[in-house]
file input_38.cif (mmCIF, C-alpha atoms)
data_structure
#
loop_
_atom_site.group_PDB
_atom_site.id
_atom_site.type_symbol
_atom_site.label_atom_id
_atom_site.label_comp_id
_atom_site.auth_asym_id
_atom_site.auth_seq_id
_atom_site.Cartn_x
_atom_site.Cartn_y
_atom_site.Cartn_z
ATOM 1 C CA MET X 1 -5.649 -42.367 -65.001
ATOM 2 C CA LEU X 2 -4.896 -42.538 -61.327
ATOM 3 C CA ARG X 3 -7.874 -41.382 -59.303
ATOM 4 C CA PHE X 4 -7.133 -38.492 -56.967
ATOM 5 C CA PRO X 5 -8.241 -40.138 -53.693
ATOM 6 C CA LEU X 6 -5.983 -43.084 -54.364
ATOM 7 C CA ILE X 7 -3.055 -40.781 -55.059
ATOM 8 C CA LEU X 8 -3.639 -39.077 -51.741
ATOM 9 C CA GLN X 9 -3.977 -42.345 -49.869
ATOM 10 C CA LEU X 10 -0.825 -43.898 -51.342
ATOM 11 C CA ARG X 11 1.112 -40.618 -51.248
ATOM 12 C CA ILE X 12 2.631 -41.100 -54.735
ATOM 13 C CA LEU X 13 3.286 -38.993 -57.814
ATOM 14 C CA GLY X 14 0.415 -38.784 -60.289
ATOM 15 C CA TYR X 15 -1.737 -36.538 -62.345
ATOM 16 C CA VAL X 16 -5.367 -35.627 -62.815
ATOM 17 C CA TRP X 17 -6.904 -34.516 -66.073
ATOM 18 C CA ALA X 18 -10.324 -33.249 -67.135
ATOM 19 C CA ALA X 19 -11.722 -32.702 -70.667
ATOM 20 C CA SER X 20 -14.945 -31.192 -72.047
ATOM 21 C CA TRP X 21 -16.351 -30.000 -75.387
ATOM 22 C CA ASN X 22 -19.427 -28.346 -76.864
ATOM 23 C CA GLN X 23 -21.742 -29.166 -79.845
ATOM 24 C CA SER X 24 -19.411 -27.451 -82.264
ATOM 25 C CA GLY X 25 -16.645 -29.793 -81.261
ATOM 26 C CA VAL X 26 -14.670 -27.153 -79.443
ATOM 27 C CA GLY X 27 -13.313 -28.427 -76.136
ATOM 28 C CA THR X 28 -10.792 -27.934 -73.371
ATOM 29 C CA LEU X 29 -8.287 -30.190 -71.656
ATOM 30 C CA GLN X 30 -6.930 -29.556 -68.170
ATOM 31 C CA VAL X 31 -4.092 -31.531 -66.602
ATOM 32 C CA LEU X 32 -2.878 -31.386 -62.944
ATOM 33 C CA THR X 33 0.166 -33.163 -61.598
ATOM 34 C CA VAL X 34 0.270 -34.097 -57.901
ATOM 35 C CA ASP X 35 3.059 -35.123 -55.483
ATOM 36 C CA ALA X 36 0.926 -36.572 -52.648
ATOM 37 C CA SER X 37 3.991 -37.453 -50.568
ATOM 38 C CA ALA X 38 4.384 -33.778 -49.695
ATOM 39 C CA PHE X 39 0.914 -33.555 -48.079
ATOM 40 C CA ASP X 40 0.511 -33.491 -44.238
ATOM 41 C CA GLY X 41 -1.266 -36.601 -43.050
ATOM 42 C CA GLY X 42 -3.570 -34.458 -40.890
ATOM 43 C CA SER X 43 -5.026 -32.826 -43.991
ATOM 44 C CA ILE X 44 -6.614 -36.060 -45.096
ATOM 45 C CA ARG X 45 -7.669 -37.280 -41.624
ATOM 46 C CA GLY X 46 -10.861 -39.199 -41.845
ATOM 47 C CA SER X 47 -10.760 -39.491 -45.668
ATOM 48 C CA GLN X 48 -11.972 -42.627 -47.300
ATOM 49 C CA ILE X 49 -10.870 -44.472 -50.421
ATOM 50 C CA VAL X 50 -13.538 -44.218 -53.043
ATOM 51 C CA ASP X 51 -13.532 -46.301 -56.189
ATOM 52 C CA GLY X 52 -14.966 -45.222 -59.481
ATOM 53 C CA SER X 53 -18.481 -46.166 -58.454
ATOM 54 C CA GLY X 54 -18.341 -43.848 -55.401
ATOM 55 C CA SER X 55 -18.792 -46.668 -52.847
ATOM 56 C CA ASN X 56 -16.909 -46.626 -49.484
ATOM 57 C CA THR X 57 -14.041 -48.965 -48.804
ATOM 58 C CA ARG X 58 -12.281 -49.058 -45.325
ATOM 59 C CA PRO X 59 -11.729 -46.009 -43.009
ATOM 60 C CA ALA X 60 -8.304 -44.466 -42.819
ATOM 61 C CA GLU X 61 -6.145 -45.785 -39.977
ATOM 62 C CA LYS X 62 -5.291 -43.370 -37.113
ATOM 63 C CA THR X 63 -1.795 -42.132 -36.900
ATOM 64 C CA GLU X 64 0.329 -42.313 -33.762
ATOM 65 C CA GLU X 65 -0.125 -38.588 -33.348
ATOM 66 C CA GLN X 66 -3.916 -39.008 -33.449
ATOM 67 C CA LYS X 67 -3.820 -41.809 -30.914
ATOM 68 C CA ALA X 68 -1.587 -39.766 -28.635
ATOM 69 C CA GLU X 69 -3.929 -36.786 -28.936
ATOM 70 C CA GLU X 70 -6.953 -38.907 -28.060
ATOM 71 C CA SER X 71 -5.119 -40.382 -25.062
ATOM 72 C CA ARG X 72 -4.188 -36.901 -23.930
ATOM 73 C CA LEU X 73 -7.816 -35.724 -24.169
ATOM 74 C CA VAL X 74 -9.057 -38.762 -22.226
ATOM 75 C CA ALA X 75 -6.441 -38.180 -19.532
ATOM 76 C CA GLU X 76 -7.325 -34.493 -19.326
ATOM 77 C CA LYS X 77 -11.036 -35.319 -18.929
ATOM 78 C CA ALA X 78 -10.298 -37.891 -16.213
ATOM 79 C CA ALA X 79 -8.101 -35.368 -14.410
ATOM 80 C CA ALA X 80 -10.807 -32.703 -14.695
ATOM 81 C CA ASP X 81 -13.463 -35.122 -13.377
ATOM 82 C CA LYS X 82 -11.225 -36.071 -10.436
ATOM 83 C CA ALA X 83 -10.489 -32.430 -9.675
ATOM 84 C CA ALA X 84 -14.232 -31.656 -9.688
ATOM 85 C CA ALA X 85 -14.949 -34.608 -7.370
ATOM 86 C CA ASP X 86 -12.111 -33.577 -5.046
ATOM 87 C CA LYS X 87 -13.418 -30.016 -4.939
ATOM 88 C CA LYS X 88 -16.939 -31.218 -4.160
ATOM 89 C CA ALA X 89 -15.619 -33.389 -1.315
ATOM 90 C CA ALA X 90 -13.472 -30.528 -0.018
ATOM 91 C CA ASP X 91 -16.462 -28.160 -0.151
ATOM 92 C CA LEU X 92 -18.534 -30.682 1.836
ATOM 93 C CA VAL X 93 -15.809 -31.030 4.474
ATOM 94 C CA ALA X 94 -15.487 -27.244 4.665
ATOM 95 C CA ALA X 95 -19.264 -26.861 5.058
ATOM 96 C CA GLU X 96 -19.349 -29.478 7.832
ATOM 97 C CA LYS X 97 -16.428 -27.783 9.579
ATOM 98 C CA ALA X 98 -18.121 -24.390 9.303
ATOM 99 C CA ALA X 99 -21.359 -25.839 10.719
ATOM 100 C CA ALA X 100 -19.469 -27.445 13.617
ATOM 101 C CA GLU X 101 -17.604 -24.204 14.323
ATOM 102 C CA LYS X 102 -20.870 -22.260 14.239
ATOM 103 C CA ALA X 103 -22.530 -24.716 16.638
ATOM 104 C CA ALA X 104 -19.513 -24.549 18.967
ATOM 105 C CA ALA X 105 -19.547 -20.746 18.829
ATOM 106 C CA GLU X 106 -23.279 -20.655 19.588
ATOM 107 C CA GLN X 107 -22.793 -23.096 22.474
ATOM 108 C CA ALA X 108 -19.915 -21.017 23.832
ATOM 109 C CA ALA X 109 -22.001 -17.857 23.493
ATOM 110 C CA ALA X 110 -24.912 -19.506 25.327
ATOM 111 C CA ALA X 111 -22.578 -20.696 28.090
ATOM 112 C CA GLN X 112 -21.078 -17.220 28.385
ATOM 113 C CA ALA X 113 -24.548 -15.672 28.493
ATOM 114 C CA ALA X 114 -25.562 -18.103 31.240
ATOM 115 C CA ALA X 115 -22.373 -17.328 33.170
ATOM 116 C CA ASP X 116 -22.964 -13.590 32.763
ATOM 117 C CA LYS X 117 -26.552 -13.982 33.936
ATOM 118 C CA ALA X 118 -25.445 -16.029 36.953
ATOM 119 C CA ALA X 119 -22.817 -13.410 37.778
ATOM 120 C CA GLN X 120 -25.397 -10.637 37.488
ATOM 121 C CA GLN X 121 -27.808 -12.560 39.704
ATOM 122 C CA ALA X 122 -25.066 -13.188 42.262
ATOM 123 C CA GLU X 123 -24.119 -9.521 42.173
ATOM 124 C CA ALA X 124 -27.760 -8.496 42.559
ATOM 125 C CA GLU X 125 -28.198 -10.948 45.450
ATOM 126 C CA LEU X 126 -25.089 -9.597 47.166
ATOM 127 C CA ALA X 127 -26.341 -6.044 46.689
ATOM 128 C CA ARG X 128 -29.743 -7.049 48.091
ATOM 129 C CA ARG X 129 -28.186 -8.677 51.152
ATOM 130 C CA ASN X 130 -25.952 -5.663 51.720
ATOM 131 C CA GLU X 131 -28.990 -3.406 51.492
ATOM 132 C CA ILE X 132 -30.859 -5.586 54.005
ATOM 133 C CA ARG X 133 -27.873 -5.437 56.347
ATOM 134 C CA ARG X 134 -27.622 -1.662 55.975
ATOM 135 C CA ARG X 135 -31.326 -1.138 56.611
ATOM 136 C CA GLY X 136 -31.249 -3.570 59.522
ATOM 137 C CA SER X 137 -28.244 -1.904 61.140
ATOM 138 C CA ASP X 138 -29.954 1.479 60.901
ATOM 139 C CA TYR X 139 -33.191 0.104 62.347
ATOM 140 C CA ALA X 140 -31.370 -1.565 65.238
ATOM 141 C CA ILE X 141 -30.569 1.980 66.401
ATOM 142 C CA LEU X 142 -33.866 3.612 65.425
ATOM 143 C CA SER X 143 -36.031 0.936 67.079
ATOM 144 C CA GLU X 144 -34.951 2.194 70.522
ATOM 145 C CA THR X 145 -35.136 -1.326 71.908
ATOM 146 C CA ILE X 146 -32.622 -2.896 74.291
ATOM 147 C CA TRP X 147 -31.685 -6.562 73.935
ATOM 148 C CA ASN X 148 -29.822 -8.361 76.687
ATOM 149 C CA ILE X 149 -27.933 -11.573 75.985
ATOM 150 C CA THR X 150 -27.323 -14.591 78.218
ATOM 151 C CA ARG X 151 -24.706 -17.203 77.335
ATOM 152 C CA THR X 152 -24.863 -20.590 79.057
ATOM 153 C CA PRO X 153 -22.398 -23.417 78.322
ATOM 154 C CA ASN X 154 -24.186 -26.629 77.379
ATOM 155 C CA GLU X 155 -22.206 -29.651 78.573
ATOM 156 C CA MET X 156 -24.331 -32.038 76.515
ATOM 157 C CA THR X 157 -23.614 -30.339 73.196
ATOM 158 C CA ASP X 158 -20.308 -28.619 74.006
ATOM 159 C CA LYS X 159 -21.879 -25.446 72.694
ATOM 160 C CA VAL X 160 -23.007 -22.206 74.267
ATOM 161 C CA ASP X 161 -26.755 -21.672 74.469
ATOM 162 C CA ILE X 162 -27.742 -18.068 73.835
ATOM 163 C CA ILE X 163 -30.947 -16.346 74.876
ATOM 164 C CA VAL X 164 -31.788 -12.721 74.070
ATOM 165 C CA LYS X 165 -34.466 -10.721 75.887
ATOM 166 C CA SER X 166 -36.117 -7.338 75.515
ATOM 167 C CA ILE X 167 -38.737 -5.585 77.662
ATOM 168 C CA GLN X 168 -41.143 -3.492 75.588
ATOM 169 C CA LYS X 169 -44.020 -1.440 77.010
ATOM 170 C CA ASN X 170 -46.828 0.935 76.214
ATOM 171 C CA ASN X 171 -47.862 3.907 78.357
ATOM 172 C CA GLN X 172 -50.870 2.140 79.925
ATOM 173 C CA GLY X 173 -49.123 -0.348 82.180
ATOM 174 C CA LEU X 174 -48.656 -3.090 79.568
ATOM 175 C CA VAL X 175 -45.376 -5.039 79.287
ATOM 176 C CA VAL X 176 -44.261 -7.592 76.698
ATOM 177 C CA GLU X 177 -41.300 -9.749 77.688
ATOM 178 C CA VAL X 178 -39.790 -10.706 74.306
ATOM 179 C CA GLU X 179 -37.429 -13.679 74.241
ATOM 180 C CA GLY X 180 -35.337 -15.131 71.425
ATOM 181 C CA THR X 181 -34.023 -18.694 71.629
ATOM 182 C CA CYS X 182 -32.523 -21.379 69.409
ATOM 183 C CA LYS X 183 -34.236 -24.753 69.166
ATOM 184 C CA ASN X 184 -33.738 -27.490 66.570
ATOM 185 C CA GLY X 185 -31.792 -25.123 64.353
ATOM 186 C CA GLU X 186 -34.532 -22.473 64.438
ATOM 187 C CA VAL X 187 -34.455 -19.009 65.975
ATOM 188 C CA ARG X 188 -37.768 -18.387 67.722
ATOM 189 C CA PHE X 189 -39.147 -15.219 69.253
ATOM 190 C CA SER X 190 -41.970 -15.327 71.780
ATOM 191 C CA GLY X 191 -43.745 -12.601 73.717
ATOM 192 C CA LEU X 192 -45.195 -12.886 77.237
ATOM 193 C CA VAL X 193 -47.873 -10.222 77.761
ATOM 194 C CA VAL X 194 -48.220 -9.071 81.408
ATOM 195 C CA GLY X 195 -48.976 -6.006 83.466
ATOM 196 C CA ASP X 196 -46.252 -3.699 84.674
ATOM 197 C CA ASP X 197 -46.418 -5.585 87.976
ATOM 198 C CA GLY X 198 -45.352 -8.785 86.181
ATOM 199 C CA LYS X 199 -48.716 -10.491 86.616
ATOM 200 C CA PRO X 200 -50.714 -12.044 83.726
ATOM 201 C CA ASN X 201 -53.640 -9.720 84.296
ATOM 202 C CA VAL X 202 -53.839 -8.369 80.741
ATOM 203 C CA ASN X 203 -56.520 -9.617 78.360
ATOM 204 C CA LEU X 204 -55.674 -10.015 74.678
ATOM 205 C CA VAL X 205 -58.501 -8.894 72.405
ATOM 206 C CA GLY X 206 -60.038 -11.255 69.836
ATOM 207 C CA ARG X 207 -58.702 -14.623 70.997
ATOM 208 C CA THR X 208 -59.784 -17.164 68.383
ATOM 209 C CA ALA X 209 -59.350 -20.800 67.407
ATOM 210 C CA ILE X 210 -56.882 -21.662 64.652
ATOM 211 C CA GLY X 211 -58.852 -23.742 62.187
ATOM 212 C CA ASP X 212 -61.280 -25.907 64.156
ATOM 213 C CA GLY X 213 -59.356 -25.340 67.382
ATOM 214 C CA SER X 214 -57.729 -28.763 67.416
ATOM 215 C CA ILE X 215 -54.264 -27.282 66.991
ATOM 216 C CA GLY X 216 -54.672 -24.353 69.333
ATOM 217 C CA PHE X 217 -55.711 -20.733 69.604
ATOM 218 C CA GLY X 218 -54.291 -17.386 68.693
ATOM 219 C CA VAL X 219 -54.949 -13.667 68.706
ATOM 220 C CA PRO X 220 -55.354 -11.284 65.775
ATOM 221 C CA ALA X 221 -52.519 -8.855 65.219
ATOM 222 C CA LEU X 222 -51.246 -6.337 62.715
ATOM 223 C CA TYR X 223 -47.980 -7.625 61.309
ATOM 224 C CA ARG X 224 -45.275 -5.840 59.328
ATOM 225 C CA VAL X 225 -42.072 -7.231 57.794
ATOM 226 C CA ASN X 226 -39.427 -4.776 56.564
ATOM 227 C CA ASP X 227 -41.122 -1.976 54.598
ATOM 228 C CA ARG X 228 -44.074 -4.030 53.408
ATOM 229 C CA GLN X 229 -47.598 -2.908 54.119
ATOM 230 C CA PRO X 230 -48.969 -4.236 57.434
ATOM 231 C CA SER X 231 -51.198 -7.301 57.195
ATOM 232 C CA ASN X 232 -53.712 -8.946 59.520
ATOM 233 C CA VAL X 233 -52.525 -12.291 60.877
ATOM 234 C CA ILE X 234 -53.201 -14.724 63.692
ATOM 235 C CA ILE X 235 -50.413 -15.004 66.269
ATOM 236 C CA PRO X 236 -50.451 -18.509 67.827
ATOM 237 C CA GLU X 237 -50.565 -19.038 71.571
ATOM 238 C CA LEU X 238 -47.901 -21.152 73.259
ATOM 239 C CA GLU X 239 -48.169 -22.880 76.658
ATOM 240 C CA PHE X 240 -50.016 -19.907 78.191
ATOM 241 C CA ILE X 241 -52.824 -17.854 76.715
ATOM 242 C CA ASN X 242 -50.758 -14.708 77.238
ATOM 243 C CA LYS X 243 -47.576 -16.132 75.658
ATOM 244 C CA LEU X 244 -47.443 -15.769 71.894
ATOM 245 C CA GLN X 245 -45.225 -17.164 69.144
ATOM 246 C CA LEU X 246 -44.190 -13.929 67.447
ATOM 247 C CA VAL X 247 -42.007 -15.426 64.711
ATOM 248 C CA VAL X 248 -39.922 -18.481 63.837
ATOM 249 C CA PHE X 249 -37.030 -18.167 61.410
ATOM 250 C CA ALA X 250 -37.217 -21.433 59.505
ATOM 251 C CA ASN X 251 -38.212 -22.870 56.153
ATOM 252 C CA PRO X 252 -41.915 -23.845 56.158
ATOM 253 C CA SER X 253 -41.123 -26.756 53.811
ATOM 254 C CA ARG X 254 -38.813 -28.311 56.439
ATOM 255 C CA LYS X 255 -39.874 -31.820 57.372
ATOM 256 C CA SER X 256 -41.901 -31.902 60.598
ATOM 257 C CA GLU X 257 -40.079 -34.031 63.146
ATOM 258 C CA THR X 258 -42.042 -33.334 66.321
ATOM 259 C CA PHE X 259 -45.646 -32.752 67.297
ATOM 260 C CA GLU X 260 -44.797 -29.111 67.967
ATOM 261 C CA ASP X 261 -43.426 -28.767 64.430
ATOM 262 C CA SER X 262 -46.604 -30.262 63.003
ATOM 263 C CA VAL X 263 -48.774 -27.893 65.031
ATOM 264 C CA ARG X 264 -46.819 -24.860 63.864
ATOM 265 C CA LEU X 265 -46.871 -26.010 60.248
ATOM 266 C CA MET X 266 -50.620 -26.599 60.343
ATOM 267 C CA GLY X 267 -51.052 -23.196 61.932
ATOM 268 C CA ALA X 268 -49.105 -21.607 59.091
ATOM 269 C CA LEU X 269 -51.299 -23.330 56.519
ATOM 270 C CA LEU X 270 -54.403 -22.028 58.284
ATOM 271 C CA GLY X 271 -53.188 -18.426 58.312
ATOM 272 C CA ALA X 272 -51.315 -18.177 61.602
ATOM 273 C CA ASN X 273 -48.088 -16.267 61.130
ATOM 274 C CA VAL X 274 -45.157 -18.502 61.994
ATOM 275 C CA PHE X 275 -42.293 -18.425 59.534
ATOM 276 C CA ALA X 276 -39.814 -15.838 58.276
ATOM 277 C CA ARG X 277 -36.551 -15.978 56.311
ATOM 278 C CA THR X 278 -33.351 -14.609 57.806
ATOM 279 C CA SER X 279 -31.857 -13.695 54.422
ATOM 280 C CA GLU X 280 -34.855 -11.511 53.564
ATOM 281 C CA THR X 281 -35.714 -9.889 56.888
ATOM 282 C CA TRP X 282 -34.266 -6.885 58.694
ATOM 283 C CA ARG X 283 -37.158 -6.064 61.024
ATOM 284 C CA ILE X 284 -40.456 -7.457 62.297
ATOM 285 C CA MET X 285 -43.153 -5.392 63.978
ATOM 286 C CA THR X 286 -46.247 -6.855 65.659
ATOM 287 C CA GLU X 287 -49.095 -4.733 66.995
ATOM 288 C CA LEU X 288 -51.171 -6.485 69.677
ATOM 289 C CA LYS X 289 -54.550 -5.327 70.967
ATOM 290 C CA THR X 290 -55.262 -5.665 74.705
ATOM 291 C CA ASP X 291 -57.621 -4.267 77.305
ATOM 292 C CA ARG X 292 -54.746 -1.961 78.277
ATOM 293 C CA GLY X 293 -54.342 -0.491 74.840
ATOM 294 C CA ASN X 294 -52.218 -1.512 71.900
ATOM 295 C CA VAL X 295 -48.513 -2.269 71.956
ATOM 296 C CA ILE X 296 -46.045 -2.604 69.082
ATOM 297 C CA VAL X 297 -43.410 -5.283 69.600
ATOM 298 C CA LYS X 298 -40.233 -4.594 67.613
ATOM 299 C CA ILE X 299 -37.601 -7.162 66.630
ATOM 300 C CA PRO X 300 -34.546 -5.527 64.982
ATOM 301 C CA ILE X 301 -32.874 -8.507 63.321
ATOM 302 C CA PHE X 302 -29.485 -6.785 63.007
ATOM 303 C CA ASP X 303 -29.130 -5.879 66.653
ATOM 304 C CA ALA X 304 -25.681 -7.169 67.669
ATOM 305 C CA ASN X 305 -27.012 -9.567 70.326
ATOM 306 C CA ILE X 306 -29.748 -10.906 68.038
ATOM 307 C CA GLN X 307 -27.135 -11.520 65.349
ATOM 308 C CA ALA X 308 -25.064 -13.451 67.910
ATOM 309 C CA LEU X 309 -28.120 -15.651 68.523
ATOM 310 C CA PHE X 310 -28.526 -16.329 64.801
ATOM 311 C CA GLN X 311 -24.856 -17.187 64.403
ATOM 312 C CA SER X 312 -24.917 -19.620 67.326
ATOM 313 C CA CYS X 313 -28.017 -21.326 65.926
ATOM 314 C CA SER X 314 -26.721 -21.892 62.405
#

call {"tool": "encode", "arguments": {"input": "input_38.cif", "output": "structure tokens"}}
result
Amino acid sequence: MLRFPLILQLRILGYVWAASWNQSGVGTLQVLTVDASAFDGGSIRGSQIVDGSGSNTRPAEKTEEQKAEESRLVAEKAAADKAAADKKAADLVAAEKAAAEKAAAEQAAAAQAAADKAAQQAEAELARRNEIRRRGSDYAILSETIWNITRTPNEMTDKVDIIVKSIQKNNQGLVVEVEGTCKNGEVRFSGLVVGDDGKPNVNLVGRTAIGDGSIGFGVPALYRVNDRQPSNVIIPELEFINKLQLVVFANPSRKSETFEDSVRLMGALLGANVFARTSETWRIMTELKTDRGNVIVKIPIFDANIQALFQSCS
């Protein structure tokens, strides 16, 4: 008898039979013929040759079709792994690009916000300056003060020196001769307090030392800038006890270059009014107390002649 596994392995013609019987001696016989050459090799893939004892011999060899299939599967897996790696790398590049674009957009937005803020500030500053000019122009008329201008050519500087003057009085025979000049790039206004006869026979009330008196004396006054509430200040004396430094348009942080500058700066630190800013001021009012009553000295910054002084001093 040819065993069935061997028939399948060798793909030959053969037969298989089986017989059985009972105790009475009655039995059956079954016979099966096989043409193993007609079987598909795939149907016995992985089969083993088994001898009569049931022990294993060698594994069946792989067909060319099997080898090709395995190669195809390996190639497909490698391609899938590469595609996954490529996608991961592409996703990383895309994420980095998105992060860079977001950072650039945020930076551009911040720059635009800063530019918008600067533009708004510039617009607000222009509006503020225009408002100061408008208020100052109105006050130049309402102040009812007259300012005369003197222009003198300066051969040493090839410029024209400008001086503005105004005579302001009260109704008790008191006169203040207000003078505006340019010196060292500063516009300065002083006031000489005299009687209506031009003599220095008027006493200023409350004359006091500035600090310990080493840098001079001054008089108390009520001082008002623009529409702010009036404040009590000390107005410094100049070369005469009846000549006062009403205001100096300069930056108090400017480096002191002369003894006079140092005196004025020290006076400012000790409470004597000295400095004002042109860009922020449209009027200054100073009320002085004397033995001939009080007088309010008015300086309308946007008077045409005063503006000419500022322009020549810039």

call {"tool": "residues_near_point", "arguments": {"input": "input_38.cif", "point": "(-55.6, -5.9, 72.4)", "cutoff": "8 Å", "atoms": "all atoms listed in the file", "output": "PyMOL selection string"}}
result
chain X and resi 203-206+288-295

call {"tool": "closest_residue", "arguments": {"input": "input_38.cif", "among": "X:Thr145, X:Ser214, X:Asn242, X:Gln107", "to": "Ile301 (chain X)", "atoms": "all atoms listed in the file"}}
result
X:Thr145

call {"tool": "atom_distance", "arguments": {"input": "input_38.cif", "atom1": "CA of Val248 (chain X)", "atom2": "CA of Arg188 (chain X)"}}
result
4.4 Å

call {"tool": "closest_atom_pairs", "arguments": {"input": "input_38.cif", "of": "region 131-191 of chain X", "to": "region 234-237 of chain X", "cutoff": "12 Å", "atoms": "all atoms listed in the file", "output": "CSV"}}
result
residue,atom,partner,partner_atom,distance
X:Phe189,CA,X:Ile235,CA,11.7
X:Ser190,CA,X:Glu237,CA,9.4
X:Gly191,CA,X:Glu237,CA,9.6

call {"tool": "closest_residue", "arguments": {"input": "input_38.cif", "among": "X:Val187, X:Ile241, X:Val247, X:Ala79", "to": "Ala209 (chain X)", "atoms": "only C-alpha atoms"}}
result
X:Ile241

call {"tool": "residues_near_point", "arguments": {"input": "input_38.cif", "point": "(-27.5, -14.5, 77.5)", "cutoff": "8 Å", "atoms": "all atoms listed in the file", "output": "MDAnalysis selection string"}}
result
chainID X and resid 148:152 161:164

call {"tool": "atom_distance", "arguments": {"input": "input_38.cif", "atom1": "CA of Pro220 (chain X)", "atom2": "CA of Val233 (chain X)"}}
result
5.7 Å

call {"tool": "atom_distance", "arguments": {"input": "input_38.cif", "atom1": "CA of Met156 (chain X)", "atom2": "CA of Val178 (chain X)"}}
result
26.4 Å

call {"tool": "closest_residue", "arguments": {"input": "input_38.cif", "among": "X:Lys67, X:Ala99, X:Gly211, X:Asp196", "to": "Gln172 (chain X)", "atoms": "only C-alpha atoms"}}
result
X:Asp196

call {"tool": "closest_residue", "arguments": {"input": "input_38.cif", "among": "X:Glu239, X:Trp147, X:Leu174, X:Ile132", "to": "Val202 (chain X)", "atoms": "only C-alpha atoms"}}
result
X:Leu174

call {"tool": "closest_residue", "arguments": {"input": "input_38.cif", "among": "X:Ile210, X:Leu192, X:Leu309, X:Leu126", "to": "Val297 (chain X)", "atoms": "all atoms listed in the file"}}
result
X:Leu192

call {"tool": "residues_around", "arguments": {"input": "input_38.cif", "residues": "Lys298 (chain X)", "least_positions_apart": "4", "cutoff": "9 Å", "atoms": "all atoms listed in the file", "output": "ChimeraX atom specification"}}
result
/X:143,145,168,283-287

call {"tool": "axis_aligned_box", "arguments": {"input": "input_38.cif", "around": "region 246-249 of chain X", "padding_each_side": "3 Å", "output": "AutoDock Vina command-line options"}}
result
--center_x -40.6 --center_y -16.2 --center_z 64.4 --size_x 13.2 --size_y 10.6 --size_z 12.0

call {"tool": "closest_residue", "arguments": {"input": "input_38.cif", "among": "X:Asn305, X:Ala140, X:Asp86, X:Asn232", "to": "Glu179 (chain X)", "atoms": "all atoms listed in the file"}}
result
X:Asn305

call {"tool": "residues_around", "arguments": {"input": "input_38.cif", "residues": "Val194 (chain X)", "least_positions_apart": "5", "cutoff": "7 Å", "atoms": "all atoms listed in the file", "output": "ChimeraX atom specification"}}
result
/X:174-176,199-202

call {"tool": "write_last_selection", "arguments": {"input": "input_38.cif", "atoms": "C-alpha atoms", "output": "short mmCIF file (atom, residue, chain, number, x, y, z; two decimals), keeping the file's coordinate frame"}}
result
data_model
loop_
_atom_site.label_atom_id
_atom_site.label_comp_id
_atom_site.auth_asym_id
_atom_site.auth_seq_id
_atom_site.Cartn_x
_atom_site.Cartn_y
_atom_site.Cartn_z
CA LEU X 174 -48.66 -3.09 79.57
CA VAL X 175 -45.38 -5.04 79.29
CA VAL X 176 -44.26 -7.59 76.70
CA LYS X 199 -48.72 -10.49 86.62
CA PRO X 200 -50.71 -12.04 83.73
CA ASN X 201 -53.64 -9.72 84.30
CA VAL X 202 -53.84 -8.37 80.74
#

call {"tool": "residues_around", "arguments": {"input": "input_38.cif", "residues": "Lys159 (chain X)", "least_positions_apart": "5", "cutoff": "12 Å", "atoms": "only C-alpha atoms", "output": "tab-separated table (two decimals) with C-alpha atoms, in the frame of the given file"}}
result
chain	number	residue	atom	x	y	z
X	151	ARG	CA	-24.71	-17.20	77.33
X	152	THR	CA	-24.86	-20.59	79.06
X	153	PRO	CA	-22.40	-23.42	78.32
X	154	ASN	CA	-24.19	-26.63	77.38
X	182	CYS	CA	-32.52	-21.38	69.41
X	312	SER	CA	-24.92	-19.62	67.33
X	313	CYS	CA	-28.02	-21.33	65.93
X	314	SER	CA	-26.72	-21.89	62.40
